[in-house]
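J.: Coordinates in target-v7.csv, CSV, C-alpha atoms and all ligand atoms, are listed below.
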chain,number,residue,atom,x,y,z
A,22,MET,CA,-20.3,11.1,-5.4
A,23,LEU,CA,-21.0,9.9,-1.9
A,24,GLN,CA,-20.9,12.0,1.2
A,25,LEU,CA,-20.2,9.5,4.0
A,26,ASP,CA,-22.2,9.9,7.2
A,27,GLU,CA,-20.2,12.4,9.4
A,28,ASN,CA,-21.5,11.1,12.7
A,29,LYS,CA,-20.6,7.6,12.2
A,30,THR,CA,-17.1,7.1,13.5
A,31,GLU,CA,-17.5,3.5,14.7
A,32,ILE,CA,-15.7,1.0,12.4
A,33,PRO,CA,-18.0,-1.7,11.1
A,34,VAL,CA,-16.3,-5.0,12.1
A,35,GLU,CA,-16.8,-7.2,9.1
A,36,ASN,CA,-13.0,-7.5,8.8
A,37,PRO,CA,-11.5,-9.3,11.8
A,38,ASP,CA,-8.2,-7.4,11.5
A,39,MET,CA,-10.0,-4.1,12.0
A,40,ARG,CA,-11.2,-5.3,15.4
A,41,GLY,CA,-7.5,-5.2,16.3
A,42,LEU,CA,-7.9,-1.4,16.4
A,43,GLU,CA,-9.9,-1.7,19.5
A,44,LEU,CA,-8.7,-4.7,21.5
A,45,VAL,CA,-6.1,-7.4,21.5
A,46,ARG,CA,-7.7,-10.6,20.4
A,47,GLU,CA,-6.4,-14.2,20.2
A,48,THR,CA,-5.1,-14.5,16.6
A,49,PRO,CA,-3.8,-17.4,14.5
A,50,GLN,CA,-0.1,-18.1,15.3
A,51,ARG,CA,1.1,-16.8,11.9
A,52,GLU,CA,-0.5,-13.4,12.5
A,53,ARG,CA,0.8,-13.0,16.0
A,54,ALA,CA,4.4,-12.0,15.3
A,55,ARG,CA,3.3,-9.3,12.8
A,56,ARG,CA,0.5,-8.1,15.1
A,57,THR,CA,2.9,-7.6,18.0
A,58,THR,CA,5.1,-5.5,15.8
A,59,ASP,CA,2.1,-3.5,14.6
A,60,ALA,CA,1.1,-2.7,18.1
A,61,LEU,CA,4.6,-1.8,19.1
A,62,ARG,CA,5.1,0.3,16.0
A,63,LEU,CA,2.1,2.4,16.9
A,64,ARG,CA,3.6,3.1,20.3
A,65,ASN,CA,7.2,3.6,19.4
A,66,ARG,CA,7.6,3.8,15.7
A,67,GLU,CA,11.1,5.2,15.6
A,68,ALA,CA,12.6,2.6,17.9
A,69,ILE,CA,11.0,-0.2,15.9
A,70,ALA,CA,12.0,1.3,12.6
A,71,ARG,CA,15.6,1.2,13.8
A,72,LEU,CA,15.4,-2.3,15.1
A,73,TRP,CA,13.4,-3.8,12.2
A,74,ASN,CA,15.6,-2.5,9.4
A,75,GLY,CA,17.1,-4.1,6.4
A,76,ARG,CA,18.8,-7.4,7.2
A,77,GLU,CA,17.4,-7.6,10.8
A,78,GLU,CA,13.9,-7.3,9.5
A,79,LEU,CA,14.4,-9.9,6.8
A,80,LEU,CA,16.0,-12.3,9.2
A,81,ALA,CA,13.2,-11.9,11.7
A,82,GLY,CA,10.7,-12.7,8.9
A,83,LEU,CA,12.6,-15.7,7.6
A,84,ASN,CA,13.2,-17.2,11.0
A,85,ALA,CA,9.6,-16.7,12.2
A,86,PRO,CA,7.5,-19.9,12.7
A,87,GLN,CA,5.4,-18.8,9.8
A,88,ALA,CA,8.0,-17.2,7.6
A,89,TRP,CA,7.3,-13.9,5.9
A,90,ILE,CA,9.1,-11.3,3.7
A,91,PRO,CA,8.3,-7.6,3.9
A,92,ALA,CA,6.4,-6.5,0.8
A,93,LYS,CA,8.9,-3.8,0.0
A,94,TYR,CA,11.3,-6.5,-1.3
A,95,PHE,CA,9.1,-6.8,-4.4
A,96,TYR,CA,10.3,-3.5,-5.7
A,97,ASP,CA,13.8,-3.9,-7.1
A,98,THR,CA,14.3,-2.7,-10.7
A,99,LEU,CA,12.8,-5.8,-12.2
A,100,GLY,CA,10.0,-6.0,-9.6
A,101,SER,CA,9.0,-2.4,-10.4
A,102,GLN,CA,8.8,-3.2,-14.1
A,103,LEU,CA,6.8,-6.4,-13.3
A,104,PHE,CA,4.4,-4.3,-11.2
A,105,ASP,CA,4.0,-1.9,-14.1
A,106,ALA,CA,3.1,-4.9,-16.3
A,107,ILE,CA,0.6,-6.1,-13.7
A,108,THR,CA,-1.3,-2.8,-14.0
A,109,SER,CA,-2.0,-3.6,-17.7
A,110,LEU,CA,-3.2,-7.1,-17.1
A,111,PRO,CA,-6.9,-7.8,-17.9
A,112,GLU,CA,-7.4,-9.3,-14.4
A,113,TYR,CA,-5.8,-6.4,-12.5
A,114,TYR,CA,-8.7,-4.0,-12.6
A,115,LEU,CA,-7.5,-1.7,-9.8
A,116,THR,CA,-5.4,0.8,-11.9
A,117,ARG,CA,-8.0,1.0,-14.7
A,118,SER,CA,-10.9,1.4,-12.3
A,119,GLU,CA,-9.1,4.3,-10.5
A,120,ALA,CA,-8.3,5.9,-13.9
A,121,ALA,CA,-12.0,5.6,-14.9
A,122,ILE,CA,-13.0,7.5,-11.7
A,123,PHE,CA,-10.5,10.3,-12.5
A,124,SER,CA,-11.6,10.6,-16.1
A,125,ARG,CA,-15.4,10.6,-15.3
A,126,ASP,CA,-15.3,12.7,-12.0
A,127,ILE,CA,-12.3,15.0,-12.3
A,128,GLY,CA,-14.6,18.0,-12.5
A,129,ASP,CA,-16.3,17.1,-9.3
A,130,ILE,CA,-13.0,16.2,-7.6
A,131,ALA,CA,-11.5,19.5,-8.6
A,132,ARG,CA,-14.5,21.4,-7.2
A,133,ALA,CA,-14.1,19.5,-3.9
A,134,VAL,CA,-10.4,20.0,-3.7
A,135,GLY,CA,-10.0,23.5,-5.2
A,136,THR,CA,-7.1,24.9,-7.2
A,137,GLY,CA,-3.8,26.2,-6.0
A,138,CYS,CA,-3.0,23.5,-3.5
A,139,ASN,CA,0.5,22.1,-2.6
A,140,LEU,CA,0.2,18.6,-4.1
A,141,ILE,CA,2.2,15.9,-2.3
A,142,ASP,CA,2.4,12.7,-4.2
A,143,LEU,CA,3.2,9.7,-2.1
A,144,GLY,CA,5.0,6.8,-4.0
A,145,ALA,CA,5.1,9.1,-7.1
A,146,GLY,CA,7.1,6.7,-9.3
A,147,ASN,CA,6.9,8.1,-12.8
A,148,CYS,CA,4.6,10.9,-11.6
A,149,GLU,CA,2.1,10.0,-14.3
A,150,LYS,CA,-1.0,9.9,-12.2
A,151,ALA,CA,-0.4,13.2,-10.4
A,152,ALA,CA,0.6,14.9,-13.7
A,153,SER,CA,-2.7,13.9,-15.2
A,154,LEU,CA,-4.4,16.0,-12.5
A,155,PHE,CA,-2.3,19.2,-13.1
A,156,ALA,CA,-4.6,20.7,-15.7
A,157,SER,CA,-7.7,20.4,-13.4
A,158,LEU,CA,-6.1,21.0,-10.0
A,159,LYS,CA,-3.6,23.7,-11.0
A,160,PRO,CA,-1.4,23.0,-8.0
A,161,ALA,CA,1.0,25.9,-6.9
A,162,HIS,CA,3.7,23.4,-5.9
A,163,TYR,CA,4.1,19.7,-6.7
A,164,VAL,CA,6.2,17.5,-4.3
A,165,ALA,CA,6.9,14.0,-5.6
A,166,VAL,CA,7.8,11.5,-2.8
A,167,ASP,CA,9.4,8.2,-3.5
A,168,LEU,CA,12.2,6.0,-2.1
A,169,SER,CA,14.8,7.5,-4.5
A,170,ALA,CA,14.9,11.2,-5.1
A,171,ASP,CA,17.5,10.7,-7.8
A,172,TYR,CA,15.1,8.6,-9.8
A,173,LEU,CA,12.5,11.4,-9.5
A,174,GLU,CA,14.7,14.1,-10.8
A,175,THR,CA,14.7,12.9,-14.4
A,176,THR,CA,10.9,12.8,-14.5
A,177,LEU,CA,10.7,16.2,-12.7
A,178,ALA,CA,13.0,17.9,-15.2
A,179,ARG,CA,10.7,16.9,-18.0
A,180,LEU,CA,7.5,17.9,-16.1
A,181,ARG,CA,9.1,21.3,-15.1
A,182,HIS,CA,9.5,22.0,-18.8
A,183,GLN,CA,5.9,21.0,-19.6
A,184,PHE,CA,4.3,22.9,-16.6
A,185,PRO,CA,6.6,25.9,-16.0
A,186,ASP,CA,4.0,27.6,-13.7
A,187,ILE,CA,4.1,24.8,-11.1
A,188,ALA,CA,7.0,24.7,-8.6
A,189,MET,CA,8.3,21.1,-8.3
A,190,SER,CA,10.5,19.2,-5.9
A,191,GLY,CA,11.4,15.6,-5.3
A,192,LEU,CA,11.7,14.0,-1.8
A,193,GLY,CA,13.4,10.6,-1.1
A,194,LEU,CA,11.6,9.0,1.9
A,195,ASP,CA,10.9,5.4,3.0
A,196,MET,CA,7.4,5.7,4.2
A,197,THR,CA,7.4,2.4,5.9
A,198,GLU,CA,9.7,4.0,8.5
A,199,GLY,CA,7.2,6.7,9.6
A,200,LEU,CA,6.1,9.9,7.9
A,201,SER,CA,7.3,13.3,8.7
A,202,PHE,CA,7.9,15.9,5.9
A,203,PRO,CA,10.9,18.2,6.1
A,204,ASP,CA,10.5,22.0,6.3
A,205,SER,CA,11.1,22.3,2.6
A,206,VAL,CA,7.5,21.0,2.0
A,207,PRO,CA,5.2,24.0,1.8
A,208,ASP,CA,2.9,24.2,4.9
A,209,SER,CA,-0.3,25.7,3.6
A,210,ARG,CA,-3.1,23.9,1.8
A,211,ARG,CA,-1.4,20.6,1.5
A,212,LEU,CA,-3.2,18.0,-0.6
A,213,ILE,CA,-1.7,14.6,0.0
A,214,PHE,CA,-2.3,12.2,-2.9
A,215,TYR,CA,-2.0,8.5,-2.2
A,216,PRO,CA,-3.5,6.6,-5.2
A,217,GLY,CA,-3.4,2.9,-6.3
A,218,SER,CA,-4.8,1.4,-3.0
A,219,SER,CA,-1.3,1.1,-1.6
A,220,ILE,CA,-2.9,1.7,1.8
A,221,GLY,CA,-4.3,-1.9,1.4
A,222,ASN,CA,-0.7,-3.2,1.8
A,223,PHE,CA,-0.8,-2.0,5.5
A,224,THR,CA,-2.6,-4.0,8.1
A,225,PRO,CA,-5.7,-2.1,9.3
A,226,VAL,CA,-3.8,-1.3,12.5
A,227,ASP,CA,-0.9,0.1,10.6
A,228,ALA,CA,-3.2,1.8,8.1
A,229,ALA,CA,-4.9,3.6,11.1
A,230,GLY,CA,-1.5,4.8,12.3
A,231,PHE,CA,-0.4,5.9,8.9
A,232,LEU,CA,-3.6,7.8,8.2
A,233,SER,CA,-3.1,9.6,11.5
A,234,ASP,CA,0.4,10.6,10.4
A,235,LEU,CA,-1.1,11.8,7.1
A,236,ARG,CA,-3.7,13.8,9.0
A,237,ARG,CA,-1.0,15.5,11.0
A,238,GLU,CA,1.1,16.2,7.9
A,239,CYS,CA,-2.0,17.7,6.2
A,240,ARG,CA,-1.7,20.6,8.7
A,241,GLN,CA,-4.6,23.0,9.1
A,242,HIS,CA,-6.4,23.4,5.8
A,243,GLY,CA,-5.2,20.4,3.9
A,244,GLY,CA,-6.8,17.2,2.7
A,245,LEU,CA,-6.1,13.7,1.5
A,246,LEU,CA,-7.0,12.1,-1.9
A,247,ILE,CA,-6.6,8.4,-1.6
A,248,GLY,CA,-7.5,5.3,-3.7
A,249,VAL,CA,-8.9,2.3,-2.0
A,250,ASP,CA,-9.8,-1.1,-3.4
A,251,LEU,CA,-13.3,-2.4,-2.4
A,252,ILE,CA,-14.5,-5.8,-1.2
A,253,LYS,CA,-15.9,-7.8,-4.0
A,254,GLU,CA,-16.6,-11.3,-5.3
A,255,LYS,CA,-13.8,-13.8,-4.5
A,256,ALA,CA,-13.4,-15.0,-8.1
A,257,ILE,CA,-12.5,-11.5,-9.3
A,258,LEU,CA,-9.9,-11.0,-6.6
A,259,ASP,CA,-8.4,-14.5,-7.0
A,260,ALA,CA,-7.8,-13.7,-10.7
A,261,ALA,CA,-6.4,-10.3,-9.9
A,262,TYR,CA,-3.7,-11.8,-7.7
A,263,ASP,CA,-3.1,-14.9,-9.8
A,264,ASP,CA,-3.3,-13.9,-13.5
A,265,ALA,CA,-3.3,-16.3,-16.4
A,266,LEU,CA,-0.1,-15.0,-17.9
A,267,GLY,CA,1.8,-15.5,-14.7
A,268,VAL,CA,3.1,-11.9,-14.4
A,269,THR,CA,2.0,-11.7,-10.7
A,270,ALA,CA,3.7,-15.1,-10.2
A,271,ALA,CA,7.0,-13.6,-11.6
A,272,PHE,CA,6.5,-10.4,-9.5
A,273,ASN,CA,6.1,-12.5,-6.3
A,274,LEU,CA,8.9,-15.0,-7.0
A,275,ASN,CA,11.3,-12.1,-7.9
A,276,ALA,CA,11.1,-11.1,-4.2
A,277,LEU,CA,13.2,-14.2,-3.5
A,278,ASN,CA,15.9,-13.0,-6.0
A,279,ASN,CA,15.9,-9.6,-4.4
A,280,VAL,CA,16.2,-11.2,-0.9
A,281,ASN,CA,19.2,-13.1,-2.3
A,282,SER,CA,20.9,-9.9,-3.3
A,283,VAL,CA,20.2,-8.1,-0.1
A,284,LEU,CA,20.9,-11.0,2.3
A,285,GLY,CA,23.3,-13.2,0.3
A,286,SER,CA,20.9,-16.1,0.6
A,287,ASP,CA,20.6,-18.9,-1.9
A,288,PHE,CA,16.8,-19.2,-2.7
A,289,ASP,CA,16.4,-20.9,-6.0
A,290,VAL,CA,13.1,-19.6,-7.5
A,291,ARG,CA,12.7,-22.8,-9.5
A,292,ASP,CA,12.0,-24.6,-6.1
A,293,TRP,CA,9.1,-22.3,-5.3
A,294,ARG,CA,5.6,-21.6,-6.8
A,295,HIS,CA,3.4,-18.5,-6.6
A,296,CYS,CA,0.2,-18.6,-4.4
A,297,GLY,CA,-2.2,-15.7,-4.7
A,298,PHE,CA,-5.8,-15.7,-3.5
A,299,TYR,CA,-8.5,-13.8,-1.7
A,300,ASN,CA,-9.0,-14.6,2.0
A,301,GLN,CA,-12.6,-13.7,2.6
A,302,THR,CA,-12.5,-14.0,6.3
A,303,MET,CA,-9.7,-11.5,6.6
A,304,SER,CA,-10.9,-9.3,3.7
A,305,ARG,CA,-7.5,-9.4,2.0
A,306,ALA,CA,-5.8,-10.8,-1.0
A,307,GLU,CA,-2.7,-12.8,0.1
A,308,MET,CA,0.4,-13.7,-1.7
A,309,HIS,CA,2.8,-16.5,-0.6
A,310,VAL,CA,5.6,-18.4,-2.2
A,311,GLU,CA,5.3,-22.2,-1.6
A,312,THR,CA,8.0,-24.8,-1.9
A,313,ARG,CA,7.6,-27.5,-4.5
A,314,LEU,CA,9.9,-29.8,-2.4
A,315,ALA,CA,11.9,-29.8,0.8
A,316,VAL,CA,14.7,-27.3,0.5
A,317,ASP,CA,17.5,-25.9,2.7
A,318,VAL,CA,18.1,-22.2,2.3
A,319,SER,CA,21.3,-20.6,3.6
A,320,TRP,CA,22.5,-17.1,4.2
A,321,PRO,CA,25.6,-15.7,5.9
A,322,GLY,CA,25.3,-16.7,9.5
A,323,GLY,CA,22.2,-18.9,9.2
A,324,SER,CA,20.0,-21.3,7.3
A,325,ARG,CA,16.5,-22.8,7.4
A,326,ARG,CA,14.8,-25.9,6.1
A,327,PHE,CA,11.5,-25.5,4.4
A,328,GLU,CA,9.4,-28.6,4.1
A,329,ALA,CA,7.6,-29.4,0.8
A,330,GLY,CA,4.5,-27.3,0.6
A,331,GLU,CA,5.6,-24.8,3.2
A,332,ARG,CA,4.9,-21.2,2.5
A,333,ILE,CA,6.5,-17.8,3.0
A,334,HIS,CA,3.9,-15.0,3.3
A,335,THR,CA,4.9,-12.1,1.0
A,336,GLU,CA,2.0,-9.7,0.9
A,337,ASN,CA,-1.5,-8.8,2.2
A,338,SER,CA,-3.7,-6.5,0.2
A,339,TYR,CA,-6.7,-5.5,2.3
A,340,LYS,CA,-10.0,-4.6,0.8
A,341,TYR,CA,-12.5,-2.3,2.5
A,342,SER,CA,-16.2,-1.4,2.3
A,343,LEU,CA,-16.9,2.3,1.7
A,344,GLU,CA,-18.2,2.6,5.3
A,345,GLU,CA,-15.2,0.8,6.9
A,346,PHE,CA,-12.7,3.1,5.1
A,347,GLY,CA,-14.7,6.2,5.8
A,348,ALA,CA,-14.8,5.3,9.5
A,349,LEU,CA,-11.1,4.7,9.4
A,350,LEU,CA,-10.5,8.1,8.0
A,351,ARG,CA,-12.6,9.8,10.6
A,352,ARG,CA,-10.9,8.0,13.4
A,353,ALA,CA,-7.6,9.2,12.0
A,354,GLY,CA,-9.0,12.7,12.6
A,355,PHE,CA,-10.2,13.7,9.1
A,356,ARG,CA,-13.5,15.6,9.0
A,357,SER,CA,-15.7,15.5,6.0
A,358,VAL,CA,-15.3,12.4,3.8
A,359,THR,CA,-16.4,12.2,0.2
A,360,ALA,CA,-16.0,9.1,-2.0
A,361,TRP,CA,-16.3,8.5,-5.8
A,362,THR,CA,-16.6,4.9,-7.1
A,363,ASP,CA,-16.3,3.4,-10.6
A,364,GLN,CA,-19.4,2.1,-12.4
A,365,ARG,CA,-19.0,-1.4,-11.0
A,366,ASN,CA,-18.3,-0.2,-7.4
A,367,TRP,CA,-15.0,-2.1,-7.4
A,368,PHE,CA,-12.7,0.8,-6.5
A,369,ALA,CA,-13.1,4.1,-4.6
A,370,LEU,CA,-11.4,7.4,-4.4
A,371,PHE,CA,-11.8,9.2,-1.1
A,372,TYR,CA,-11.3,12.9,-0.4
A,373,ALA,CA,-11.0,13.7,3.3
A,374,THR,CA,-10.4,17.1,4.8
A,375,ALA,CA,-8.1,17.7,7.8
B,401,LIG,C1,1.0,-1.9,-4.8
B,401,LIG,N1,-0.2,-2.6,-4.4
B,401,LIG,C2,-1.4,-1.7,-4.2
B,401,LIG,C3,-0.5,-3.8,-5.2
B,401,LIG,C4,-1.8,-4.5,-4.6
B,401,LIG,O1,-2.7,-4.8,-5.4
B,401,LIG,O2,-1.8,-4.8,-3.4
B,401,LIG,C5,0.7,-4.8,-5.2
B,401,LIG,C6,0.3,-6.0,-6.0
B,401,LIG,N2,0.5,-7.2,-5.5
B,401,LIG,C7,0.1,-8.1,-6.4
B,401,LIG,N3,-0.3,-7.5,-7.5
B,401,LIG,C8,-0.2,-6.2,-7.2
What's the structure tokens form of this structure?
Ligand code: AVI

T.:
Amino acid sequence: MLQLDENKTEIPVENPDMRGLELVRETPQRERARRTTDALRLRNREAIARLWNGREELLAGLNAPQAWIPAKYFYDTLGSQLFDAITSLPEYYLTRSEAAIFSRDIGDIARAVGTGCNLIDLGAGNCEKAASLFASLKPAHYVAVDLSADYLETTLARLRHQFPDIAMSGLGLDMTEGLSFPDSVPDSRRLIFYPGSSIGNFTPVDAAGFLSDLRRECRQHGGLLIGVDLIKEKAILDAAYDDALGVTAAFNLNALNNVNSVLGSDFDVRDWRHCGFYNQTMSRAEMHVETRLAVDVSWPGGSRRFEAGERIHTENSYKYSLEEFGALLRRAGFRSVTAWTDQRNWFALFYATA
């Protein structure tokens, strides 16, 4: 267990994207469109969320000089199943490393967090991770948050039967469109649980905004338990995002199929290949799809030619040092910050109090 220095709120600037928290810098062209949106989103989240929604957001990405697709398009039914498969791959250490921290340090974690909290599970999915904490944390209330509340209900029905002493509710929320819990979420002693290093899929600027929202939603005596993937050797990260079996490739290319069904476009996945690697300068794993040949892609009301070898950026997965992420939490308004890491120091679980 590590208690991170409470006086140190300055963010170490190893990661160039984190400097964007302080000042607007010249950036490579392909970052610029995204960065502008990031900055605007911080100022007027709601307006931007309305503007950059569904079809509009997709079209803006596909028509940008450096094309991009929002990462949420990975997660249709097949994409979610492929992501589950990724978490079992030998190269994808994140899920196992986080689980190892929980199984070794749960006693310590439970002492830090205390029992009887109102546990709010962001991106709950099958609720498995949170449910594994019930015995130790003994929450008074469990709120599972995911895109679809209907999907959560089946799982919650089973959990209610298993844990009759815990009140449970499901909440459907698209967290990429700002975070504000309804009044039905109990106010006192909130513990927001955000595992899996999903925070890495935000740019550091967006992560800072999102963490501030989480801090606000923690209310007075709450806290945040969050999983974060740490910076490590490039070869390990390259393999994690480009596995030998090609499951990550299928996950990435499937986004094109999903875009076809949302937009009515005619991407042919056979024309594209997966590209996944660690960008050391930016401290992030990147995924792209790259054309094998020149192709014309059409959708109702538009089209675009992609030259052979051209890429569409599909995901960033930022990696942090313990100090960087601790500083980010404190800047978001959290007070004491504690971290646990796995044996190899590849992954960290942070507990920060509001
Ligand atoms: C969901 N998220 C934390 C995963 C990650 O590692 O960034 C998504 C993923 N992309 C490729 N493999 C897994």

J.: Sorted by chain and rising residue number, which residues of region 73-159 of chain A lie within 8 Å of region 264-276 of chain A, and what are their closest atom pairs and distances in Å to one decimal, counting only C-alpha atoms, as a Markdown table?

T.:
| residue | atom | partner | partner_atom | distance |
| --- | --- | --- | --- | --- |
| A:Tyr94 | CA | A:Ala276 | CA | 5.4 |
| A:Phe95 | CA | A:Ala276 | CA | 4.7 |
| A:Tyr96 | CA | A:Ala276 | CA | 7.8 |
| A:Leu99 | CA | A:Asn275 | CA | 7.8 |
| A:Gly100 | CA | A:Phe272 | CA | 5.6 |
| A:Leu103 | CA | A:Phe272 | CA | 5.5 |
| A:Phe104 | CA | A:Phe272 | CA | 6.7 |
| A:Ala106 | CA | A:Val268 | CA | 7.3 |
| A:Ile107 | CA | A:Val268 | CA | 6.4 |
| A:Leu110 | CA | A:Asp264 | CA | 7.7 |
| A:Glu112 | CA | A:Asp264 | CA | 6.2 |
| A:Tyr113 | CA | A:Asp264 | CA | 8.0 |

J.: State, in Å with one decimal place, the distance from CA of Ser101 (chain A) to CA of Met308 (chain A).

T.: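 Computing the Euclidean distance for CA of Ser101 (chain A) and CA of Met308 (chain A) yields 16.7 Å.
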
J.: What does the structure give for the distance between CA of Gly354 (chain A) and CA of Leu232 (chain A), in Å to one decimal?

T.: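 So the answer is 8.5 Å.
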
J.: Which residue is closest to ligand LIG 401 (chain B)? Choose from A:Glu331, A:Asp234, A:Asp317, A:Asp105 and count all atoms listed in the file.

T.: A:Asp105

J.: Hey, which residues sit close to ligand LIG 401 (chain B)? Say within 7 Å, counting all atoms listed in the file, and write them as a VMD selection string.

T.: chain A and resid 104 107 217 to 219 221 to 222 262 269 337 to 338

J.: Pick out the residues sitting within 8 Å of region 164-170 of chain A, and hand them over as a ChimeraX atom specification; count all atoms listed in the file, and ignore anything fewer than 4 positions along from it in its own chain.

T.: /A:139-146,148,174,189-196,206

J.: Using Å and a single decimal, report how far CA of Cys296 (chain A) sits from CA of Trp320 (chain A).

T.: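 CA of Cys296 (chain A) lies at a distance of 23.9 Å from CA of Trp320 (chain A).
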
J.: Please check which residues have atoms at most 12 Å from (10.3, -18.6, 9.1) in the file's coordinates, counting only C-alpha atoms, and write them as an MDAnalysis selection string.

T.: chainID A and resid 51 54 78:90 318 323:328 331:335

J.: Contacts of Arg240 (chain A) at 10 Å or less, counting all atoms listed in the file, minus same-chain residues fewer than 5 places along, as a VMD selection string?

T.: chain A and resid 208 to 212 235 375

J.: For the selection you just gave me, I'd like the residues written to a file as a compact mmCIF listing (two decimals), keeping the file's coordinate frame, keeping C-alpha atoms.

T.:
# COMPACT_ATOMS: atom_id res chain seq x y z
CA ASP A 208 2.90 24.20 4.90
CA SER A 209 -0.30 25.70 3.60
CA ARG A 210 -3.10 23.90 1.80
CA ARG A 211 -1.40 20.60 1.50
CA LEU A 212 -3.20 18.00 -0.60
CA LEU A 235 -1.10 11.80 7.10
CA ALA A 375 -8.10 17.70 7.80

J.: Considering all atoms listed in the file, state which residue in the set A:Ala306, A:Val134, A:Ala121, A:Ala229 is at the smallest distance from Leu158 (chain A).

T.: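 Using all atoms listed in the file, Leu158 (chain A) sits closest to A:Val134.
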
J.: Would you please work out which residue, of A:Val310, A:Leu115, A:Ile122, A:Ile213, is nearest to Cys138 (chain A) when using only C-alpha atoms?

T.: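 With only C-alpha atoms as the atom set, the closest residue is A:Ile213.
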
J.: When distances are computed from all atoms listed in the file, which of A:Arg237, A:Lys150, A:Arg117, A:Lys253 shows the smallest separation from Leu343 (chain A)?

T.: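 Closest residue, counting all atoms listed in the file: A:Lys253.
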
J.: Name the residues, using the chain letters and numbers of the file, that sit within 10 Å of (-12.3, 13.6, -6.8) when counting only C-alpha atoms, and give them as a list in words.

T.: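 It turns out the residues near that spot are Met22, Ile122, Phe123, Ser124, Arg125, Asp126, Ile127, Gly128, Asp129, Ile130, Ala131, Arg132, Ala133, Val134, Leu246, Ile247, Thr359, Ala360, Trp361, Thr362, Ala369, Leu370, Phe371 and Tyr372 of chain A.
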